[in-house]
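A.B. asks: Structure in structure tokens, see below.
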Amino acid sequence: DRLLAQIMVRMRRELPKVRVDMVLVDRYVDLVAEGIDAAIRAGALKDSSLIAKQVGVARWLAFASPDYLQAAAPLDSPQALRHHCCLQFTALGKDAWTLSDRRASVVVPMSAKVMINDVGVVRAMALAGAGVALLPWYLCREECAKGSLVRVLPNWHAKSDPIHIVYPRQRFVPPKLRAFVDMAADELRGWMSDT
């Protein structure tokens, strides 16, 4: 993931003497039990003894490539998604997408023809012109700026996930942990902005 890579590049540049051991997992991690100093978590947090610093919100929006859109049926409402190949990220649901605007929410049934449990693969398929995908804005903003992805249904969005950096509550926060949290928070805020 480019975002995590950017955090690590910045960490190595600004704090070259700090040892980093990054662990990427798609499950809840007990930081204390597993000896992990800090984590980046998406979604609502459970009550815990951890310190949580919110650094942004990942907004899930609909995207497709210009090539796909040129060859596809018009996409002027959420209901029109039924006539498109929708690249479904498993975590967003197998049966339907729920989209909201400022006034209402709409549940759009999905065909479940293309189900993928990795958001990076969903993004790559959208870039390759394979269909419409719900993706977090921060993963697509550079491609939108270059014109290789287009935000479709611009007044509609799927869920919004708060993003937090969490770390164990402790009497004394080590300077290297404080430096990482501050730097990662700054980097994440930059990526989460500009929606």
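Labels used: A, B, ... for chains in the order of the structure tokens, numbers from 1 for residues in each chain, and numbers from 1 for ligands as shown.
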Which residues are close to Met115 in chain A, i.e. within 7 Å by only C-alpha atoms, leaving aside same-chain residues fewer than 6 positions away? Reply as a list in words.
C.D. replies: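 Here the qualifying residues turn out to be Leu87, Gln88, Phe89 and Thr90 of chain A.
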A.B. asks: Name the residues in contact with range 105-113 of chain A at a cut-off of 12 Å, using only C-alpha atoms, excluding same-chain residues fewer than 5 positions from it; report them as a PyMOL selection string.
C.D. replies: chain A and resi 77-90+92-100+130-133+155-159
A.B. asks: Please identify which residues in range 33-159 of chain A DSSP calls strand (DSSP E) from the backbone, and express them as a VMD selection string.
C.D. replies: chain A and resid 39 to 42 50 to 64 86 to 89 96 to 100 105 to 109 114 to 116 132 to 136 150 to 152
A.B. asks: For Leu31 in chain A, list every protein, DNA or RNA residue within 10 Å, evaluated using only C-alpha atoms, and leave out those in the same chain fewer than 6 positions away; present the list as a ChimeraX atom specification.
C.D. replies: /A:37-39,50,166-168
A.B. asks: Once DSSP has gone over the backbone, tell me which residues of range 31-139 of chain A are in alpha helix (DSSP H), as a PyMOL selection string.
C.D. replies: chain A and resi 31-34+66-71+119-127+137-139
A.B. asks: Within 12 Å of Asp26 in chain A, counting only C-alpha atoms, which residues show up once you throw out same-chain ones fewer than 3 positions away? Write them as an NGL selection string, please.
C.D. replies: :A and (23 or 29 or 39-42 or 91 or 117-119)
A.B. asks: State, in Å with one decimal place, the distance from CA of Trp191 in chain A to CA of Pro136 in chain A.
C.D. replies: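 Separation of CA of Trp191 in chain A and CA of Pro136 in chain A: 10.6 Å.
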A.B. asks: Could you jot down the CA of Leu127 in chain A to CA of Leu188 in chain A separation for me, Å, one decimal place?
C.D. replies: 23.2 Å
A.B. asks: I'd like to know which of A:Ser65, A:Gln70, A:Gln170, A:Gln54 is closest to Asp182 in chain A, using only C-alpha atoms.
C.D. replies: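 Once distances to Asp182 in chain A are computed over only C-alpha atoms, the minimum belongs to A:Gln54.
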A.B. asks: If you count only C-alpha atoms, which residues fall within 10 Å of Leu69 in chain A, apart from same-chain ones fewer than 3 positions away, as a VMD selection string?
C.D. replies: chain A and resid 63 to 66 72 to 75 84 129 131 to 132 149 to 150 152
A.B. asks: In Å to one decimal, how far is CA of Arg12 in chain A from CA of Glu34 in chain A?
C.D. replies: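 One can read the CA of Glu34 in chain A to CA of Arg12 in chain A distance as 23.6 Å.
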A.B. asks: Between A:Leu153, A:Gly190, A:Ser160, A:Met183, which is the closest to Ile7 in chain A once you count only C-alpha atoms?
C.D. replies: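 Between A:Leu153, A:Gly190, A:Ser160, A:Met183, the residue approaching Ile7 in chain A most closely is A:Met183.
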A.B. asks: Residues near Met8 in chain A, anyone? I mean within 12 Å using only C-alpha atoms, not counting same-chain ones fewer than 2 positions away, as a list in words.
C.D. replies: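 Near Met8 in chain A, the qualifying residues are Asp1, Arg2, Leu3, Leu4, Ala5, Gln6, Arg10, Met11, Arg12, Arg13, Glu14, Leu15, Pro16, Val18, Arg19, Val20, Asp21, Met22, Phe180, Met183, Ala184, Glu187 and Leu188 of chain A.
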A.B. asks: Compare A:Val25, A:Ile163, A:Val9, A:Ala124 by their minimum atom-to-atom distance to Lys53 in chain A, counting only C-alpha atoms, and give me the closest one.
C.D. replies: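 Ranked by minimum distance to Lys53 in chain A, first place goes to A:Ile163.
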